[in-house]
Amino acid sequence: MNKTVVFFLSLTACVSLVTATPILIDFGGGSTGSPTYNNVTDGLFVNDSTALLTDLVDEDNLSTGISLYSSNWFDGTNNGGTTSPAPFSSSATKNSLFDANDSWSSGQDAMVVLIFEGLDLSKTYDFTMYASRMGANDNRSTLYSFAGGNSGSATLNPSNNIVNTTAVSGISPNESGKITLTMTPDAANDNGYDFIYLGAMEINVIPEPSSLILLVGAFGSLLHMSRRR
């Protein structure tokens with residue numbers, strides 16, 4: 001076999017050891033087809049001790065071992081999102097789960113808490129969020145705050161949104177293998193009901209730095225061997 005081909009195949013094998021296929025979640029509806037979405041509908045919520053989904057799958061429909069819980073749930077489903085070309089499937093962007101304050105629904109607090117469990121302590125996680133609420137003329141900016149071994153936050157205004165996403169990167173799990181997402185109205189949110197939304201999410205699993213160092217070392221060794229020959 002040509003040494004260039006051998007080098008390429010070896011390099012591809014090394015990459016596959018430290019990269020993972022993204023995890024896609026559709027909040028609010030039942031997406032089907034390829035790529036595979038995990039569907040989180042309003043009817044899934046029971047209580048804070050029962051998993052919404054016990055084993056998220058990745059885009060290739062392979063098990064990840066990650067479970068999703070909630071300790072503070074959404075108020076309902078909104079179907080007023082865009083179906084125009086967007087960063088996620090139209091079946092995921094056209095609907096979302098929303099929450100609001102008690103002026104909209106008695107007892108509500110305009111806060112949602114989601115917990116990701118079963119995470120790998122040796123990895124970090126990048127989260128990309130999307131939401132769309134067409135026909136809204138006010139600011140419904142939502143603050144997404146992540147906390148695990150470290151923390152980070154980002155905001156997104158779903159009002160008439162088609163292409164914008166927001167992301168929080170490099171979040172590590174806590175000692176229990178959990179990352180918590182808390183959703184609240186951002187300071188810029190000027191809606192009287194404090195509407196907040198989540199329509200879709202992509203999670204990317206990032207390998208530990210030592211794995212990347214080993215990968216770079218493997219690349220170098222393979223390249224050196226190919227040159228010596």
# chains A, B, ... in the order shown; residues from 1 in each chain; ligands from 1
$ residues_around --residues "Glu117 (chain A)" --least-positions-apart "4" --cutoff "9 Å" --atoms "only C-alpha atoms" --output "ChimeraX atom specification"
/A:65-69,173,176-180
$ residues_around --residues "Trp104 (chain A)" --least-positions-apart "2" --cutoff "10 Å" --atoms "only C-alpha atoms" --output "number ranges by chain"
A: 75, 99-102, 106-110, 192-195
$ closest_residue --among "A:Thr21, A:Asn150, A:Asn72, A:Ser34" --to "Thr124 (chain A)" --atoms "only C-alpha atoms"
A:Asn150
$ residues_around --residues "Ser91 (chain A)" --least-positions-apart "3" --cutoff "12 Å" --atoms "only C-alpha atoms" --output "list in words"
Ile25, Asp26, Phe27, Gly28, Gly29, Gly30, Ser31, Thr32, Gly33, Ser34, Pro35, Thr36, Tyr37, Asn39, Asn79, Gly80, Gly81, Thr82, Thr83, Ser84, Pro85, Ala86, Pro87, Phe88, Lys94, Asn95, Ser96, Gly199 and Ala200 of chain A
$ closest_residue --among "A:Met183, A:Leu198, A:Ala154, A:Ala167" --to "Val113 (chain A)" --atoms "only C-alpha atoms"
A:Met183
$ select_by_dssp --residues "chain A" --states "strand (DSSP E or B)" --output "PyMOL selection string"
chain A and resi 23-27+38-40+53+57+63+67-72+76-78+96-99+101+109+112-117+124-130+133+142-147+151-156+159+166-171+178-185+196-198+200-206
$ closest_atom_pairs --of "region 114-198 of chain A" --to "region 51-58 of chain A" --cutoff "10 Å" --atoms "only C-alpha atoms" --output "JSON lines"
{"residue": "A:Leu114", "atom": "CA", "partner": "A:Leu52", "partner_atom": "CA", "distance": 9.7}
{"residue": "A:Ile115", "atom": "CA", "partner": "A:Ala51", "partner_atom": "CA", "distance": 9.3}
{"residue": "A:Phe116", "atom": "CA", "partner": "A:Ala51", "partner_atom": "CA", "distance": 9.7}
{"residue": "A:Glu117", "atom": "CA", "partner": "A:Thr54", "partner_atom": "CA", "distance": 9.2}
{"residue": "A:Gly118", "atom": "CA", "partner": "A:Asp55", "partner_atom": "CA", "distance": 9.1}
$ residues_around --residues "Thr184 (chain A)" --least-positions-apart "4" --cutoff "7 Å" --atoms "only C-alpha atoms" --output "number ranges by chain"
A: 110-112, 142-144, 196
$ closest_residue --among "A:Asp120, A:Asp138, A:Asp60, A:Glu175" --to "Pro22 (chain A)" --atoms "only C-alpha atoms"
A:Asp60
$ residues_around --residues "Thr155 (chain A)" --least-positions-apart "2" --cutoff "12 Å" --atoms "only C-alpha atoms" --output "CSV table (one decimal) with N, CA and C atoms, in the first residue's frame"
chain,number,residue,atom,x,y,z
A,128,THR,N,-24.5,25.0,21.8
A,128,THR,CA,-25.1,26.0,20.9
A,128,THR,C,-26.6,26.0,21.0
A,129,MET,N,-27.2,27.2,21.3
A,129,MET,CA,-28.6,27.3,21.5
A,129,MET,C,-29.3,28.1,20.3
A,130,TYR,N,-30.5,27.7,20.0
A,130,TYR,CA,-31.3,28.4,19.0
A,130,TYR,C,-32.7,28.5,19.5
A,131,ALA,N,-33.4,29.6,19.2
A,131,ALA,CA,-34.8,29.8,19.4
A,131,ALA,C,-35.3,30.9,18.4
A,139,ASN,N,-38.3,42.8,22.6
A,139,ASN,CA,-37.1,42.0,22.9
A,139,ASN,C,-37.4,40.9,23.9
A,140,ARG,N,-37.2,39.7,23.5
A,140,ARG,CA,-37.4,38.6,24.4
A,140,ARG,C,-36.1,37.8,24.7
A,141,SER,N,-35.1,38.6,24.9
A,141,SER,CA,-33.8,38.0,25.1
A,141,SER,C,-33.7,37.1,26.2
A,142,THR,N,-33.1,35.9,26.0
A,142,THR,CA,-33.1,34.8,27.0
A,142,THR,C,-31.6,34.6,27.4
A,143,LEU,N,-31.4,34.5,28.7
A,143,LEU,CA,-30.0,34.3,29.2
A,143,LEU,C,-29.9,32.8,29.5
A,144,TYR,N,-28.8,32.2,28.9
A,144,TYR,CA,-28.5,30.8,29.1
A,144,TYR,C,-27.3,30.7,30.0
A,145,SER,N,-27.4,30.2,31.2
A,145,SER,CA,-26.3,30.2,32.1
A,145,SER,C,-26.0,28.7,32.5
A,146,PHE,N,-24.7,28.3,32.2
A,146,PHE,CA,-24.3,26.9,32.4
A,146,PHE,C,-23.3,26.9,33.6
A,152,GLY,N,-20.4,29.5,32.5
A,152,GLY,CA,-20.4,30.4,31.4
A,152,GLY,C,-21.8,30.8,31.0
A,153,SER,N,-22.0,31.9,30.3
A,153,SER,CA,-23.4,32.2,29.9
A,153,SER,C,-23.4,33.0,28.5
A,157,ASN,N,-31.9,36.7,21.5
A,157,ASN,CA,-33.2,37.3,21.3
A,157,ASN,C,-34.0,36.5,20.3
A,158,PRO,N,-35.0,35.7,20.6
A,158,PRO,CA,-35.7,34.9,19.6
A,158,PRO,C,-36.6,35.6,18.7
A,164,ASN,N,-29.7,33.4,13.8
A,164,ASN,CA,-28.7,33.6,14.9
A,164,ASN,C,-28.8,32.5,15.9
A,165,THR,N,-27.6,32.1,16.4
A,165,THR,CA,-27.5,31.2,17.5
A,165,THR,C,-26.6,31.9,18.6
A,166,THR,N,-26.5,31.2,19.7
A,166,THR,CA,-25.6,31.7,20.7
A,166,THR,C,-24.9,30.5,21.3
A,167,ALA,N,-23.7,30.6,21.9
A,167,ALA,CA,-23.0,29.4,22.3
A,167,ALA,C,-22.2,29.7,23.6
A,168,VAL,N,-22.0,28.6,24.4
A,168,VAL,CA,-21.2,28.6,25.5
A,168,VAL,C,-20.3,27.4,25.4
A,182,THR,N,-29.4,27.0,33.5
A,182,THR,CA,-30.5,27.8,34.0
A,182,THR,C,-30.9,28.9,33.0
A,183,MET,N,-32.1,29.0,32.6
A,183,MET,CA,-32.6,29.9,31.7
A,183,MET,C,-33.4,31.0,32.4
A,184,THR,N,-33.1,32.3,32.2
A,184,THR,CA,-33.9,33.4,32.8
A,184,THR,C,-34.0,34.5,31.7
A,185,PRO,N,-34.8,35.5,32.0
A,185,PRO,CA,-34.9,36.7,31.1
A,185,PRO,C,-33.6,37.4,31.2
A,186,ASP,N,-33.0,37.9,30.1
A,186,ASP,CA,-31.8,38.7,30.1
A,186,ASP,C,-32.3,40.1,30.4
A,187,ALA,N,-31.3,41.0,30.9
A,187,ALA,CA,-31.6,42.3,31.3
A,187,ALA,C,-32.3,43.1,30.1
A,188,ALA,N,-31.9,42.7,28.9
A,188,ALA,CA,-32.5,43.5,27.7
A,188,ALA,C,-33.9,43.0,27.4
A,189,ASN,N,-34.4,42.0,28.0
A,189,ASN,CA,-35.8,41.5,27.7
A,189,ASN,C,-36.8,42.5,28.2
A,196,ILE,N,-39.3,33.6,27.7
A,196,ILE,CA,-38.0,33.0,27.4
A,196,ILE,C,-38.2,31.8,26.6
A,197,TYR,N,-37.2,31.4,25.7
A,197,TYR,CA,-37.4,30.3,24.8
A,197,TYR,C,-36.2,29.4,24.6
A,198,LEU,N,-36.4,28.2,24.2
A,198,LEU,CA,-35.4,27.3,23.8
A,198,LEU,C,-36.0,26.4,22.7
$ atom_distance --atom1 "CA of Val40 (chain A)" --atom2 "CA of Asn137 (chain A)"
27.1 Å
$ closest_residue --among "A:Ser169, A:Thr77, A:Ser49, A:Ser159" --to "Phe127 (chain A)" --atoms "only C-alpha atoms"
A:Ser169
$ atom_distance --atom1 "CA of Val46 (chain A)" --atom2 "CA of Phe98 (chain A)"
16.8 Å
$ residues_around --residues "Ile23 (chain A)" --least-positions-apart "5" --cutoff "6 Å" --atoms "only C-alpha atoms" --output "JSON, numbers by chain"
{"A": [58, 59, 202, 203]}
